[in-house]
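Below: final04.cif (mmCIF, C-alpha atoms)
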data_protein
loop_
_atom_site.group_PDB
_atom_site.id
_atom_site.type_symbol
_atom_site.label_atom_id
_atom_site.label_comp_id
_atom_site.auth_asym_id
_atom_site.auth_seq_id
_atom_site.Cartn_x
_atom_site.Cartn_y
_atom_site.Cartn_z
ATOM 1 C CA MET R 1 82.360 -25.528 -61.775
ATOM 2 C CA ALA R 2 81.812 -22.821 -59.194
ATOM 3 C CA LEU R 3 81.289 -23.613 -55.532
ATOM 4 C CA TRP R 4 79.153 -21.266 -53.456
ATOM 5 C CA GLN R 5 80.280 -21.253 -49.854
ATOM 6 C CA ARG R 6 77.579 -19.973 -47.550
ATOM 7 C CA ARG R 7 75.730 -21.089 -44.462
ATOM 8 C CA SER R 8 73.319 -24.028 -44.484
ATOM 9 C CA LYS R 9 69.774 -23.448 -45.679
ATOM 10 C CA ARG R 10 68.406 -25.109 -42.537
ATOM 11 C CA THR R 11 68.932 -24.746 -38.782
ATOM 12 C CA HIS R 12 69.998 -27.668 -36.602
ATOM 13 C CA THR R 13 66.330 -28.328 -35.803
ATOM 14 C CA GLY R 14 65.344 -28.401 -39.485
ATOM 15 C CA LYS R 15 63.726 -24.964 -39.839
ATOM 16 C CA LEU R 16 64.204 -23.404 -43.280
ATOM 17 C CA LEU R 17 66.352 -20.254 -43.249
ATOM 18 C CA ARG R 18 65.460 -17.439 -45.637
ATOM 19 C CA SER R 19 68.386 -15.466 -47.051
ATOM 20 C CA PRO R 20 68.272 -11.680 -46.491
ATOM 21 C CA ARG R 21 70.369 -11.048 -49.640
ATOM 22 C CA LYS R 22 71.644 -12.546 -52.878
ATOM 23 C CA LYS R 23 74.918 -14.393 -53.458
ATOM 24 C CA ARG R 24 78.174 -12.408 -53.649
ATOM 25 C CA LYS R 25 81.180 -12.994 -55.907
ATOM 26 C CA ARG R 26 83.516 -13.129 -52.892
ATOM 27 C CA GLU R 27 81.611 -16.195 -51.637
ATOM 28 C CA LEU R 28 82.488 -18.123 -54.784
ATOM 29 C CA GLY R 29 84.979 -20.947 -54.219
ATOM 30 C CA ARG R 30 87.402 -22.418 -56.743
ATOM 31 C CA ASP R 31 87.894 -25.854 -58.242
ATOM 32 C CA PHE R 32 90.051 -28.480 -56.543
ATOM 33 C CA VAL R 33 93.655 -28.606 -57.801
ATOM 34 C CA GLU R 34 94.766 -32.188 -58.416
ATOM 35 C CA THR R 35 98.470 -32.272 -57.514
ATOM 36 C CA LYS R 36 100.105 -35.065 -59.501
ATOM 37 C CA ILE R 37 103.587 -36.586 -59.520
ATOM 38 C CA GLY R 38 105.907 -35.237 -62.224
ATOM 39 C CA SER R 39 108.264 -32.367 -63.030
ATOM 40 C CA GLU R 40 107.320 -29.360 -60.877
ATOM 41 C CA LYS R 41 104.594 -27.053 -62.174
ATOM 42 C CA LYS R 42 103.067 -24.212 -60.134
ATOM 43 C CA LYS R 43 100.324 -21.695 -60.755
ATOM 44 C CA ILE R 44 100.028 -18.389 -58.874
ATOM 45 C CA GLN R 45 96.463 -17.233 -58.315
ATOM 46 C CA ARG R 46 95.223 -13.895 -57.022
ATOM 47 C CA THR R 47 92.804 -14.263 -54.118
ATOM 48 C CA TYR R 48 90.422 -12.014 -52.225
ATOM 49 C CA GLY R 49 92.095 -8.851 -50.951
ATOM 50 C CA GLY R 50 94.924 -8.955 -53.513
ATOM 51 C CA ASN R 51 96.688 -11.842 -51.778
ATOM 52 C CA LYS R 52 98.244 -14.759 -53.628
ATOM 53 C CA LYS R 53 97.982 -18.547 -53.428
ATOM 54 C CA VAL R 54 100.527 -20.875 -54.999
ATOM 55 C CA LYS R 55 98.737 -23.852 -56.507
ATOM 56 C CA LEU R 56 100.971 -26.883 -57.020
ATOM 57 C CA GLN R 57 99.853 -28.797 -60.109
ATOM 58 C CA LYS R 58 102.765 -31.244 -60.362
ATOM 59 C CA ALA R 59 105.486 -32.139 -57.871
ATOM 60 C CA GLU R 60 108.610 -34.279 -58.010
ATOM 61 C CA TYR R 61 110.054 -33.742 -54.523
ATOM 62 C CA ALA R 62 108.738 -33.609 -50.952
ATOM 63 C CA ASN R 63 110.249 -32.229 -47.738
ATOM 64 C CA VAL R 64 110.236 -35.234 -45.398
ATOM 65 C CA VAL R 65 110.767 -34.800 -41.644
ATOM 66 C CA THR R 66 112.813 -37.596 -40.028
ATOM 67 C CA LYS R 67 114.425 -38.018 -36.601
ATOM 68 C CA GLU R 68 117.695 -36.598 -37.959
ATOM 69 C CA GLY R 69 116.044 -33.573 -39.596
ATOM 70 C CA THR R 70 114.274 -32.523 -42.785
ATOM 71 C CA LYS R 71 115.354 -33.944 -46.137
ATOM 72 C CA LYS R 72 114.220 -33.211 -49.674
ATOM 73 C CA THR R 73 113.430 -36.544 -51.340
ATOM 74 C CA ARG R 74 111.925 -37.779 -54.587
ATOM 75 C CA ILE R 75 108.292 -38.948 -54.579
ATOM 76 C CA LEU R 76 107.868 -42.396 -56.131
ATOM 77 C CA SER R 77 104.093 -42.934 -55.894
ATOM 78 C CA VAL R 78 100.963 -42.484 -53.803
ATOM 79 C CA ALA R 79 100.379 -45.520 -51.557
ATOM 80 C CA GLN R 80 97.157 -44.506 -49.789
ATOM 81 C CA ASN R 81 94.747 -41.579 -49.842
ATOM 82 C CA GLU R 82 91.891 -41.196 -47.353
ATOM 83 C CA ALA R 83 90.236 -38.431 -49.410
ATOM 84 C CA ASN R 84 89.412 -40.690 -52.362
ATOM 85 C CA ARG R 85 90.426 -44.257 -53.158
ATOM 86 C CA HIS R 86 90.722 -43.438 -56.869
ATOM 87 C CA PHE R 87 93.449 -40.828 -56.144
ATOM 88 C CA VAL R 88 95.908 -43.681 -55.448
ATOM 89 C CA ARG R 89 95.543 -45.059 -58.964
ATOM 90 C CA ARG R 90 95.837 -41.570 -60.488
ATOM 91 C CA ASN R 91 98.785 -40.555 -58.198
ATOM 92 C CA ILE R 92 97.033 -37.466 -56.810
ATOM 93 C CA VAL R 93 98.553 -36.007 -53.628
ATOM 94 C CA THR R 94 96.342 -34.341 -51.005
ATOM 95 C CA GLN R 95 96.742 -33.618 -47.305
ATOM 96 C CA GLY R 96 96.780 -36.872 -45.325
ATOM 97 C CA ALA R 97 97.887 -39.004 -48.281
ATOM 98 C CA VAL R 98 100.588 -41.627 -47.730
ATOM 99 C CA ILE R 99 103.360 -41.299 -50.327
ATOM 100 C CA GLU R 100 106.237 -43.617 -51.163
ATOM 101 C CA THR R 101 109.585 -41.782 -51.135
ATOM 102 C CA GLU R 102 113.215 -42.826 -51.392
ATOM 103 C CA LEU R 103 113.383 -42.755 -47.565
ATOM 104 C CA GLY R 104 110.202 -44.833 -47.119
ATOM 105 C CA SER R 105 106.496 -44.150 -46.529
ATOM 106 C CA ALA R 106 105.517 -40.648 -45.430
ATOM 107 C CA ARG R 107 102.231 -38.899 -44.627
ATOM 108 C CA VAL R 108 101.577 -35.515 -46.264
ATOM 109 C CA THR R 109 100.910 -32.712 -43.743
ATOM 110 C CA SER R 110 100.640 -29.711 -46.088
ATOM 111 C CA ARG R 111 97.909 -28.818 -48.563
ATOM 112 C CA PRO R 112 99.711 -28.919 -51.935
ATOM 113 C CA GLY R 113 96.852 -27.320 -53.881
ATOM 114 C CA GLN R 114 96.867 -24.281 -51.581
ATOM 115 C CA HIS R 115 100.371 -24.091 -50.072
ATOM 116 C CA GLY R 116 102.395 -24.850 -53.207
ATOM 117 C CA ILE R 117 104.695 -27.325 -51.440
ATOM 118 C CA ILE R 118 104.618 -30.897 -50.180
ATOM 119 C CA ASN R 119 105.678 -31.414 -46.566
ATOM 120 C CA ALA R 120 105.511 -34.903 -45.084
ATOM 121 C CA VAL R 121 106.411 -36.850 -41.942
ATOM 122 C CA LEU R 122 108.210 -40.180 -42.231
ATOM 123 C CA MET R 123 106.109 -43.112 -40.974
ATOM 124 C CA GLU R 124 107.860 -45.826 -38.973
#
Step by step, read the file and then write its structure as structure tokens.
Amino acid sequence: MALWQRRSKRTHTGKLLRSPRKKRKRELGRDFVETKIGSEKKKIQRTYGGNKKVKLQKAEYANVVTKEGTKKTRILSVAQNEANRHFVRRNIVTQGAVIETELGSARVTSRPGQHGIINAVLME
């Protein structure tokens, strides 16, 4: 499924905007990467301008920030996810999700599907 990312077809008052040109390939978005819990699996994708994005498909560990410092800990499960309530049951990690780790509950601050890593802050 392709996602076209362009401006709205209407103004804030409701007037219909007419496009001066057709769609461009560079405006095409990509599908959402569902980062799950399991042995680590990454995918490197070429983006616009020859840059690269590391897409994290599966993750086993997270970098959790505590008062003492940052520790790499194992992810046990997803406890809460504001993005979609069904992601908890399927153990899908997104930014803002609350994960259960060996240190306790932590909130994810990175975007695993685009950054290729899971960074989290320990909740107290």
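Close to (110.6, -41.6, -55.9), meaning no more than 12 Å away when counting all atoms listed in the file, sit the residues R:Ile37, R:Gly38, R:Ser39, R:Ala59, R:Glu60, R:Tyr61, R:Ala62, R:Lys72, R:Thr73, R:Arg74, R:Ile75, R:Leu76, R:Ser77, R:Val78, R:Ala79, R:Ile99, R:Glu100, R:Thr101, R:Glu102, R:Leu103, R:Gly104, R:Ser105, R:Ala106.
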Selection under test: the PyMOL selection byres ((chain R and resi 121) around 8); residues as a PyMOL selection string
chain R and resi 64-66+106-109+119-120+122-123
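Evaluated on this file, the PyMOL selection byres ((chain R and resi 91) around 8) matches Lys36, Ile37, Ser77, Val78, Phe87, Val88, Arg89, Arg90, Ile92 and Val93 of chain R.
Closest approach to Gln45 of chain R among R:His115, R:Glu124, R:Thr70, R:Val98 is made by R:His115 (distances from all atoms listed in the file).
Here atom CA of Trp4 of chain R and atom CA of Lys22 of chain R stand 11.5 Å from one another.
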Around all listed atoms of segment 47-58 of chain R, padded 3 Å per side, what centre and edge lengths does the axis-aligned box have in Å to one decimal, as AutoDock Vina command-line options?
--center_x 96.6 --center_y -20.0 --center_z -55.7 --size_x 18.3 --size_y 28.4 --size_z 15.4
So how far away is atom CA of Pro112 of chain R from atom CA of Lys55 of chain R, in Å?
6.9 Å
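Candidate residues R:Arg24, R:His86, R:Lys15, R:Arg111 were compared for distance to Gln57 of chain R, and the nearest is R:Arg111, using all atoms listed in the file.
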Can you tell me how far atom CA of Arg85 of chain R sits from atom CA of Leu56 of chain R, in Å to one decimal?
20.7 Å
Nearby residues (all atoms listed in the file) at most 10 Å from Gln5 of chain R, same-chain spacing under 5 positions excluded, as an NGL selection string
:R and (23-24 or 26-30)
Near-Arg18 of chain R list (12 Å; only C-alpha atoms; drop same-chain fewer than 4 positions) as a list of chain:residue names
R:Arg7, R:Ser8, R:Lys9, R:Arg10, R:Thr11, R:Lys22
Specify as a PyMOL selection string each residue included when the PyMOL selection byres ((chain R and resi 53) around 9) is applied to this file.
chain R and resi 43-47+51-52+54-55+113-116
Once you have the residues from the selection above, write them out as a CSV table (one decimal), in the frame of the given file, restricted to C-alpha atoms.
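So the final result, stored in part.csv, reads:
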chain,number,residue,atom,x,y,z
R,43,LYS,CA,100.3,-21.7,-60.8
R,44,ILE,CA,100.0,-18.4,-58.9
R,45,GLN,CA,96.5,-17.2,-58.3
R,46,ARG,CA,95.2,-13.9,-57.0
R,47,THR,CA,92.8,-14.3,-54.1
R,51,ASN,CA,96.7,-11.8,-51.8
R,52,LYS,CA,98.2,-14.8,-53.6
R,54,VAL,CA,100.5,-20.9,-55.0
R,55,LYS,CA,98.7,-23.9,-56.5
R,113,GLY,CA,96.9,-27.3,-53.9
R,114,GLN,CA,96.9,-24.3,-51.6
R,115,HIS,CA,100.4,-24.1,-50.1
R,116,GLY,CA,102.4,-24.8,-53.2
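Each of R:Ser19, R:Thr13, R:Asn84, R:Thr35 was compared to Ser110 of chain R using only C-alpha atoms, and R:Thr35 turns out to be the nearest.
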